[in-house]
Each structure stands twice: as structure tokens, then as C-alpha cells.
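Undergrad: This is the content of model.txt (compact mmCIF, N, CA and C atoms):
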```txt
# COMPACT_ATOMS: atom_id res chain seq x y z
N MET C 254 19.25 21.69 16.08
CA MET C 254 18.94 22.89 15.38
C MET C 254 17.65 22.66 14.59
N LYS C 255 16.87 23.72 14.42
CA LYS C 255 15.60 23.62 13.70
C LYS C 255 15.54 24.67 12.61
N ILE C 256 14.94 24.29 11.49
CA ILE C 256 14.60 25.25 10.45
C ILE C 256 13.09 25.15 10.24
N ALA C 257 12.51 26.20 9.68
CA ALA C 257 11.06 26.18 9.45
C ALA C 257 10.74 26.90 8.16
N ALA C 258 9.66 26.47 7.53
CA ALA C 258 9.13 27.12 6.35
C ALA C 258 7.62 27.21 6.50
N GLN C 259 7.06 28.30 6.01
CA GLN C 259 5.61 28.51 6.07
C GLN C 259 5.01 28.41 4.67
N TYR C 260 3.80 27.88 4.64
CA TYR C 260 3.04 27.74 3.40
C TYR C 260 1.61 28.16 3.69
N GLY C 261 0.87 28.49 2.67
CA GLY C 261 -0.51 28.87 2.87
C GLY C 261 -1.39 28.27 1.80
N PHE C 262 -2.64 28.06 2.16
CA PHE C 262 -3.63 27.63 1.18
C PHE C 262 -5.01 28.02 1.68
N GLU C 263 -5.92 28.11 0.74
CA GLU C 263 -7.32 28.40 1.05
C GLU C 263 -8.14 27.20 0.62
N ALA C 264 -9.08 26.82 1.47
CA ALA C 264 -9.90 25.66 1.17
C ALA C 264 -11.22 25.73 1.93
N ALA C 265 -12.20 25.03 1.39
CA ALA C 265 -13.50 24.91 2.04
C ALA C 265 -13.64 23.49 2.59
N HIS C 266 -14.47 23.37 3.62
CA HIS C 266 -14.77 22.05 4.17
C HIS C 266 -16.02 22.15 5.04
N GLN C 267 -16.48 21.02 5.45
CA GLN C 267 -17.51 20.92 6.48
C GLN C 267 -17.20 19.69 7.29
N LEU C 268 -17.65 19.67 8.52
CA LEU C 268 -17.35 18.56 9.42
C LEU C 268 -18.62 17.75 9.65
N PRO C 269 -18.78 16.68 8.87
CA PRO C 269 -20.05 15.95 8.87
C PRO C 269 -20.37 15.19 10.14
N ARG C 270 -19.40 14.98 11.00
CA ARG C 270 -19.64 14.19 12.21
C ARG C 270 -20.08 15.04 13.40
N LEU C 271 -20.26 16.33 13.18
CA LEU C 271 -20.72 17.21 14.25
C LEU C 271 -22.25 17.21 14.31
N PRO C 272 -22.81 17.57 15.46
CA PRO C 272 -24.28 17.57 15.58
C PRO C 272 -24.91 18.70 14.76
N GLU C 273 -26.16 18.49 14.40
CA GLU C 273 -26.92 19.54 13.71
C GLU C 273 -26.88 20.80 14.57
N GLY C 274 -26.75 21.93 13.91
CA GLY C 274 -26.71 23.19 14.62
C GLY C 274 -25.31 23.69 14.91
N HIS C 275 -24.30 22.81 14.86
CA HIS C 275 -22.92 23.25 15.07
C HIS C 275 -22.47 23.99 13.82
N LYS C 276 -21.90 25.19 13.99
CA LYS C 276 -21.57 26.02 12.83
C LYS C 276 -20.55 25.35 11.89
N CYS C 277 -19.70 24.50 12.40
CA CYS C 277 -18.69 23.87 11.55
C CYS C 277 -19.23 22.68 10.76
N LYS C 278 -20.45 22.28 11.03
CA LYS C 278 -21.08 21.24 10.21
C LYS C 278 -21.48 21.83 8.85
N ARG C 279 -21.70 23.16 8.83
CA ARG C 279 -22.05 23.83 7.58
C ARG C 279 -20.79 24.08 6.74
N LEU C 280 -20.99 24.19 5.46
CA LEU C 280 -19.90 24.50 4.54
C LEU C 280 -19.30 25.85 4.90
N HIS C 281 -17.97 25.89 5.02
CA HIS C 281 -17.24 27.12 5.32
C HIS C 281 -15.80 26.95 4.86
N GLY C 282 -15.02 28.02 4.94
CA GLY C 282 -13.64 27.95 4.48
C GLY C 282 -12.68 28.62 5.43
N HIS C 283 -11.40 28.40 5.16
CA HIS C 283 -10.33 28.98 5.97
C HIS C 283 -9.18 29.39 5.07
N ASN C 284 -8.42 30.36 5.53
CA ASN C 284 -7.11 30.68 4.97
C ASN C 284 -6.09 30.02 5.88
N TYR C 285 -5.71 28.82 5.52
CA TYR C 285 -4.82 28.03 6.37
C TYR C 285 -3.37 28.51 6.24
N LYS C 286 -2.64 28.41 7.34
CA LYS C 286 -1.20 28.60 7.34
C LYS C 286 -0.59 27.30 7.84
N VAL C 287 0.44 26.84 7.16
CA VAL C 287 1.12 25.59 7.51
C VAL C 287 2.59 25.91 7.79
N GLU C 288 3.10 25.42 8.91
CA GLU C 288 4.52 25.53 9.22
C GLU C 288 5.11 24.13 9.29
N VAL C 289 6.21 23.94 8.59
CA VAL C 289 6.94 22.68 8.66
C VAL C 289 8.28 22.99 9.31
N VAL C 290 8.56 22.30 10.42
CA VAL C 290 9.79 22.51 11.17
C VAL C 290 10.61 21.23 11.09
N VAL C 291 11.83 21.35 10.58
CA VAL C 291 12.72 20.20 10.41
C VAL C 291 13.88 20.36 11.39
N GLU C 292 14.25 19.25 12.03
CA GLU C 292 15.28 19.28 13.06
C GLU C 292 16.45 18.39 12.68
N GLY C 293 17.65 18.88 12.93
CA GLY C 293 18.83 18.08 12.68
C GLY C 293 20.09 18.90 12.80
N GLU C 294 21.20 18.28 12.49
CA GLU C 294 22.50 18.96 12.51
C GLU C 294 22.82 19.43 11.10
N PRO C 295 23.48 20.56 10.97
CA PRO C 295 23.87 21.02 9.63
C PRO C 295 24.77 20.00 8.93
N ASP C 296 24.54 19.85 7.64
CA ASP C 296 25.34 18.94 6.82
C ASP C 296 26.59 19.65 6.33
N VAL C 297 27.31 19.03 5.41
CA VAL C 297 28.56 19.62 4.91
C VAL C 297 28.32 20.95 4.19
N ARG C 298 27.11 21.16 3.70
CA ARG C 298 26.77 22.43 3.05
C ARG C 298 26.47 23.52 4.08
N GLY C 299 26.27 23.10 5.34
CA GLY C 299 25.88 24.04 6.38
C GLY C 299 24.39 24.13 6.58
N PHE C 300 23.62 23.23 5.95
CA PHE C 300 22.15 23.22 6.03
C PHE C 300 21.65 22.07 6.90
N VAL C 301 20.64 22.33 7.72
CA VAL C 301 19.86 21.22 8.27
C VAL C 301 19.15 20.55 7.09
N MET C 302 18.53 21.38 6.26
CA MET C 302 17.93 20.96 5.00
C MET C 302 17.82 22.20 4.14
N ASP C 303 18.12 22.08 2.89
CA ASP C 303 18.02 23.21 1.97
C ASP C 303 16.54 23.59 1.85
N TYR C 304 16.23 24.87 2.03
CA TYR C 304 14.85 25.32 1.90
C TYR C 304 14.26 24.97 0.53
N ALA C 305 15.07 25.04 -0.50
CA ALA C 305 14.57 24.70 -1.84
C ALA C 305 14.15 23.24 -1.90
N GLU C 306 14.90 22.36 -1.23
CA GLU C 306 14.53 20.94 -1.18
C GLU C 306 13.23 20.75 -0.41
N LEU C 307 13.09 21.46 0.70
CA LEU C 307 11.86 21.36 1.48
C LEU C 307 10.67 21.88 0.68
N ASP C 308 10.85 23.01 0.02
CA ASP C 308 9.77 23.56 -0.81
C ASP C 308 9.37 22.59 -1.92
N ALA C 309 10.34 21.92 -2.52
CA ALA C 309 10.05 20.97 -3.60
C ALA C 309 9.23 19.78 -3.11
N ILE C 310 9.33 19.47 -1.83
CA ILE C 310 8.55 18.39 -1.24
C ILE C 310 7.17 18.88 -0.81
N VAL C 311 7.14 20.00 -0.09
CA VAL C 311 5.89 20.44 0.55
C VAL C 311 4.95 21.18 -0.41
N GLN C 312 5.47 22.05 -1.25
CA GLN C 312 4.59 22.88 -2.08
C GLN C 312 3.67 22.07 -2.99
N PRO C 313 4.14 21.00 -3.64
CA PRO C 313 3.22 20.20 -4.46
C PRO C 313 2.07 19.58 -3.65
N ILE C 314 2.33 19.25 -2.40
CA ILE C 314 1.27 18.70 -1.53
C ILE C 314 0.27 19.81 -1.21
N ILE C 315 0.76 20.98 -0.89
CA ILE C 315 -0.11 22.13 -0.62
C ILE C 315 -0.94 22.45 -1.85
N ASP C 316 -0.32 22.39 -3.03
CA ASP C 316 -1.04 22.70 -4.28
C ASP C 316 -2.22 21.76 -4.51
N LYS C 317 -2.13 20.53 -4.02
CA LYS C 317 -3.22 19.56 -4.20
C LYS C 317 -4.47 19.92 -3.38
N ILE C 318 -4.30 20.71 -2.33
CA ILE C 318 -5.45 21.05 -1.48
C ILE C 318 -5.84 22.52 -1.55
N ASP C 319 -5.04 23.33 -2.23
CA ASP C 319 -5.33 24.76 -2.34
C ASP C 319 -6.57 24.99 -3.21
N HIS C 320 -7.48 25.81 -2.70
CA HIS C 320 -8.72 26.15 -3.39
C HIS C 320 -9.52 24.90 -3.76
N ARG C 321 -9.61 24.00 -2.79
CA ARG C 321 -10.36 22.76 -2.99
C ARG C 321 -11.39 22.60 -1.88
N TYR C 322 -12.33 21.71 -2.12
CA TYR C 322 -13.28 21.27 -1.10
C TYR C 322 -12.63 20.04 -0.46
N LEU C 323 -12.11 20.20 0.76
CA LEU C 323 -11.29 19.17 1.39
C LEU C 323 -12.01 17.84 1.54
N ASN C 324 -13.32 17.87 1.77
CA ASN C 324 -14.07 16.63 1.97
C ASN C 324 -14.01 15.71 0.76
N ASP C 325 -13.70 16.25 -0.43
CA ASP C 325 -13.62 15.43 -1.65
C ASP C 325 -12.27 14.77 -1.84
N ILE C 326 -11.29 15.08 -0.99
CA ILE C 326 -9.95 14.53 -1.14
C ILE C 326 -9.84 13.24 -0.34
N ASP C 327 -9.31 12.20 -0.99
CA ASP C 327 -9.18 10.90 -0.36
C ASP C 327 -8.41 11.01 0.96
N GLY C 328 -9.02 10.52 2.03
CA GLY C 328 -8.43 10.58 3.36
C GLY C 328 -8.86 11.78 4.17
N LEU C 329 -9.61 12.68 3.55
CA LEU C 329 -10.05 13.90 4.25
C LEU C 329 -11.57 14.03 4.28
N GLU C 330 -12.25 12.92 4.36
CA GLU C 330 -13.72 12.96 4.37
C GLU C 330 -14.28 13.68 5.58
N ASN C 331 -13.55 13.69 6.68
CA ASN C 331 -13.91 14.44 7.89
C ASN C 331 -12.73 15.34 8.24
N PRO C 332 -12.53 16.43 7.48
CA PRO C 332 -11.28 17.19 7.54
C PRO C 332 -11.16 18.17 8.70
N THR C 333 -11.11 17.62 9.90
CA THR C 333 -10.76 18.46 11.05
C THR C 333 -9.30 18.88 10.89
N SER C 334 -8.87 19.85 11.63
CA SER C 334 -7.46 20.25 11.58
C SER C 334 -6.57 19.09 12.02
N GLU C 335 -7.03 18.30 12.97
CA GLU C 335 -6.27 17.15 13.45
C GLU C 335 -6.08 16.11 12.34
N VAL C 336 -7.14 15.85 11.59
CA VAL C 336 -7.05 14.90 10.47
C VAL C 336 -6.17 15.48 9.37
N LEU C 337 -6.34 16.76 9.09
CA LEU C 337 -5.57 17.41 8.04
C LEU C 337 -4.07 17.43 8.36
N VAL C 338 -3.70 17.71 9.60
CA VAL C 338 -2.27 17.76 9.92
C VAL C 338 -1.64 16.38 9.77
N MET C 339 -2.35 15.33 10.11
CA MET C 339 -1.80 13.98 9.94
C MET C 339 -1.73 13.60 8.45
N TRP C 340 -2.72 14.03 7.67
CA TRP C 340 -2.71 13.79 6.23
C TRP C 340 -1.48 14.44 5.60
N LEU C 341 -1.22 15.70 5.97
CA LEU C 341 -0.03 16.39 5.47
C LEU C 341 1.25 15.72 5.95
N ARG C 342 1.29 15.40 7.23
CA ARG C 342 2.49 14.79 7.81
C ARG C 342 2.83 13.47 7.10
N ASP C 343 1.84 12.65 6.85
CA ASP C 343 2.07 11.37 6.18
C ASP C 343 2.69 11.57 4.80
N ARG C 344 2.24 12.56 4.08
CA ARG C 344 2.75 12.80 2.73
C ARG C 344 4.14 13.42 2.75
N ILE C 345 4.39 14.30 3.68
CA ILE C 345 5.72 14.91 3.80
C ILE C 345 6.74 13.87 4.25
N ALA C 346 6.32 12.96 5.12
CA ALA C 346 7.23 11.94 5.67
C ALA C 346 7.78 11.01 4.59
N ALA C 347 7.12 10.92 3.47
CA ALA C 347 7.62 10.07 2.39
C ALA C 347 8.97 10.56 1.88
N ASP C 348 9.26 11.87 2.03
CA ASP C 348 10.49 12.43 1.48
C ASP C 348 11.40 13.13 2.48
N VAL C 349 10.87 13.55 3.61
CA VAL C 349 11.72 14.21 4.62
C VAL C 349 12.15 13.14 5.61
N LYS C 350 13.43 12.88 5.65
CA LYS C 350 13.94 11.78 6.48
C LYS C 350 14.43 12.23 7.85
N LEU C 351 14.47 13.52 8.09
CA LEU C 351 14.85 14.06 9.40
C LEU C 351 13.60 14.21 10.27
N PRO C 352 13.76 14.30 11.58
CA PRO C 352 12.59 14.58 12.43
C PRO C 352 11.96 15.92 12.03
N PHE C 353 10.65 15.96 12.00
CA PHE C 353 9.95 17.19 11.65
C PHE C 353 8.57 17.23 12.29
N THR C 354 8.04 18.43 12.37
CA THR C 354 6.66 18.61 12.81
C THR C 354 5.94 19.48 11.79
N VAL C 355 4.62 19.32 11.77
CA VAL C 355 3.76 20.13 10.93
C VAL C 355 2.75 20.81 11.84
N ARG C 356 2.62 22.11 11.68
CA ARG C 356 1.63 22.89 12.44
C ARG C 356 0.71 23.56 11.43
N ILE C 357 -0.59 23.43 11.67
CA ILE C 357 -1.58 24.08 10.81
C ILE C 357 -2.36 25.08 11.64
N TYR C 358 -2.41 26.30 11.13
CA TYR C 358 -3.27 27.34 11.70
C TYR C 358 -4.53 27.39 10.87
N GLU C 359 -5.65 27.08 11.50
CA GLU C 359 -6.96 27.20 10.85
C GLU C 359 -7.40 28.67 10.87
N THR C 360 -7.07 29.34 11.95
CA THR C 360 -7.29 30.76 12.13
C THR C 360 -6.06 31.29 12.85
N PRO C 361 -5.91 32.59 12.97
CA PRO C 361 -4.75 33.09 13.73
C PRO C 361 -4.71 32.61 15.19
N ARG C 362 -5.85 32.23 15.75
CA ARG C 362 -5.92 31.79 17.15
C ARG C 362 -5.78 30.30 17.35
N TYR C 363 -6.17 29.51 16.37
CA TYR C 363 -6.30 28.07 16.57
C TYR C 363 -5.35 27.30 15.66
N TRP C 364 -4.55 26.43 16.29
CA TRP C 364 -3.63 25.60 15.52
C TRP C 364 -3.56 24.20 16.11
N VAL C 365 -3.03 23.29 15.29
CA VAL C 365 -2.78 21.92 15.72
C VAL C 365 -1.42 21.51 15.15
N GLU C 366 -0.72 20.66 15.89
CA GLU C 366 0.63 20.26 15.50
C GLU C 366 0.80 18.76 15.66
N ALA C 367 1.50 18.18 14.71
CA ALA C 367 1.84 16.74 14.80
C ALA C 367 3.23 16.53 14.23
```
Would you give me this structure, written as C-alpha cells?
TA:
Amino acid sequence: MKIAAQYGFEAAHQLPRLPEGHKCKRLHGHNYKVEVVVEGEPDVRGFVMDYAELDAIVQPIIDKIDHRYLNDIDGLENPTSEVLVMWLRDRIAADVKLPFTVRIYETPRYWVEA
């Protein structure tokens, strides 16, 4: 069984490893959407995981990057969506002990999952 919660944040970044002339090398921003999907069997309460528990883990991490310049955050010097999803996953994994995935939408069309 799977449960999911969505979170959002706004942030600016640039991708310094891209060639000159690539639009994403320039400073720009996104309204990111993050989905965290947790998988497991319901516990004695009937929950795979209590949404309040998941929010207590994920929201403080989201708050650290909301309305920030991502390149200034340790570990996000080259903040592609691929790097960002792994950064989030590593921090969430410290407290979520069930199998889970993180999906980040950079735009409504483009997402990455880990």
C-alpha cells in the first residue's frame, strides 16, 4: 500500500556547469512541487504512516529551501532537479524508515524521482 503527501516551495537557482548561452545557466526560479510516497502495510492504527508524522519530517526540510537561492545551500552548488531530489531524499531518509520515493516537479511538465 502507498500513501503520498505533496509539498511546495519556490526557489531560485542557476546551473553553473552548463555551457554559456544555455538559458538555465542564468539565474531563474521555479515553483517546485514535491511528492513523497511512502510504502508499507498499515500498522495497528490503520496507517502506513500518519500524515502528521510525515509532515513533521518533510515540512522542516522544505522550509529550509523555500524562497532561497539553492546554489548557496550546502550540497546544492549545482542544483539540478536530479541533485535536488537526492538532497531531499537523503534528509528524509534520516527519519522515514519505510520504503519511499521523492518526486520533484520543476514545472508541470518536467519531474524527476528517486
Undergrad: Using only N, CA and C atoms, which of the listed residues (C:Ile256, C:Ala367, C:Leu341, C:Ile310) sits closest to Val290 of chain C?
TA: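 Of the candidates, the smallest distance to Val290 of chain C is held by C:Ile256.
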Undergrad: Work out how far apart atom CA of Asn284 of chain C and atom CA of Tyr358 of chain C are and give it in Å to one decimal.
TA: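 Between atom CA of Asn284 of chain C and atom CA of Tyr358 of chain C the gap works out to 8.4 Å.
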Undergrad: Could you tell me how far atom N of Leu323 of chain C lies from atom CA of Ala265 of chain C, in Å and to one decimal?
TA: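 If I compute the distance from atom N of Leu323 of chain C to atom CA of Ala265 of chain C, I get 5.1 Å.
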Undergrad: Please extract the residues of segment 318-357 of chain C with a backbone DSSP assignment of strand (DSSP E) and present them as a PyMOL selection string.
TA: chain C and resi 321-322+353-357
Undergrad: For the atom pair atom CA of Gly328 of chain C and atom CA of Val289 of chain C, what is the interatomic distance in Å to one decimal place?
TA: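 Between atom CA of Gly328 of chain C and atom CA of Val289 of chain C the gap works out to 20.3 Å.
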Undergrad: Rank nothing, just name the residue among C:Pro295, C:Pro352, C:Pro361, C:Pro269 nearest to Asn331 of chain C, using only C-alpha atoms.
TA: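 Of C:Pro295, C:Pro352, C:Pro361, C:Pro269, the one nearest Asn331 of chain C is C:Pro269, counting only C-alpha atoms.
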Undergrad: Have a look at C:Ile345, C:Leu307, C:Leu337, C:Val355 and name the one nearest to Leu268 of chain C; count only C-alpha atoms.
TA: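 Closest to Leu268 of chain C, using only C-alpha atoms: C:Leu337.
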Undergrad: What are the centre and the three edge lengths of an axis-aligned box that wraps all atoms of segment 328-335 of chain C in the file, given that 4 Å is added to every side, written as JSON and rounded to one decimal in Å?
TA:
```
{"center_x": -10.2, "center_y": 15.4, "center_z": 7.7, "size_x": 16.2, "size_y": 17.7, "size_z": 19.4}
```
Undergrad: Compare C:Val338, C:Ala264, C:Ala309, C:Leu271 by their minimum atom-to-atom distance to Arg321 of chain C, counting only N, CA and C atoms, and give me the closest one.
TA: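 Once distances to Arg321 of chain C are computed over only N, CA and C atoms, the minimum belongs to C:Ala264.
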Undergrad: Could you tell me which of C:Val349, C:Asn324, C:Glu330, C:Glu366 comes closest to Tyr304 of chain C if we count only C-alpha atoms?
TA: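 Comparing C:Val349, C:Asn324, C:Glu330, C:Glu366 against Tyr304 of chain C, the winner is C:Val349.
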Undergrad: Write out as a VMD selection string which residues come within 10 Å of Trp364 of chain C when counting only C-alpha atoms, dropping same-chain ones fewer than 4 positions away.
TA: chain C and resid 285 to 287 334 to 335 338 356 to 360
Undergrad: Closest to Gln267 of chain C among C:Glu306, C:Gly293, C:Thr333, C:Arg298, using only N, CA and C atoms?
TA: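 The shortest atom-to-atom distance to Gln267 of chain C comes from C:Thr333.
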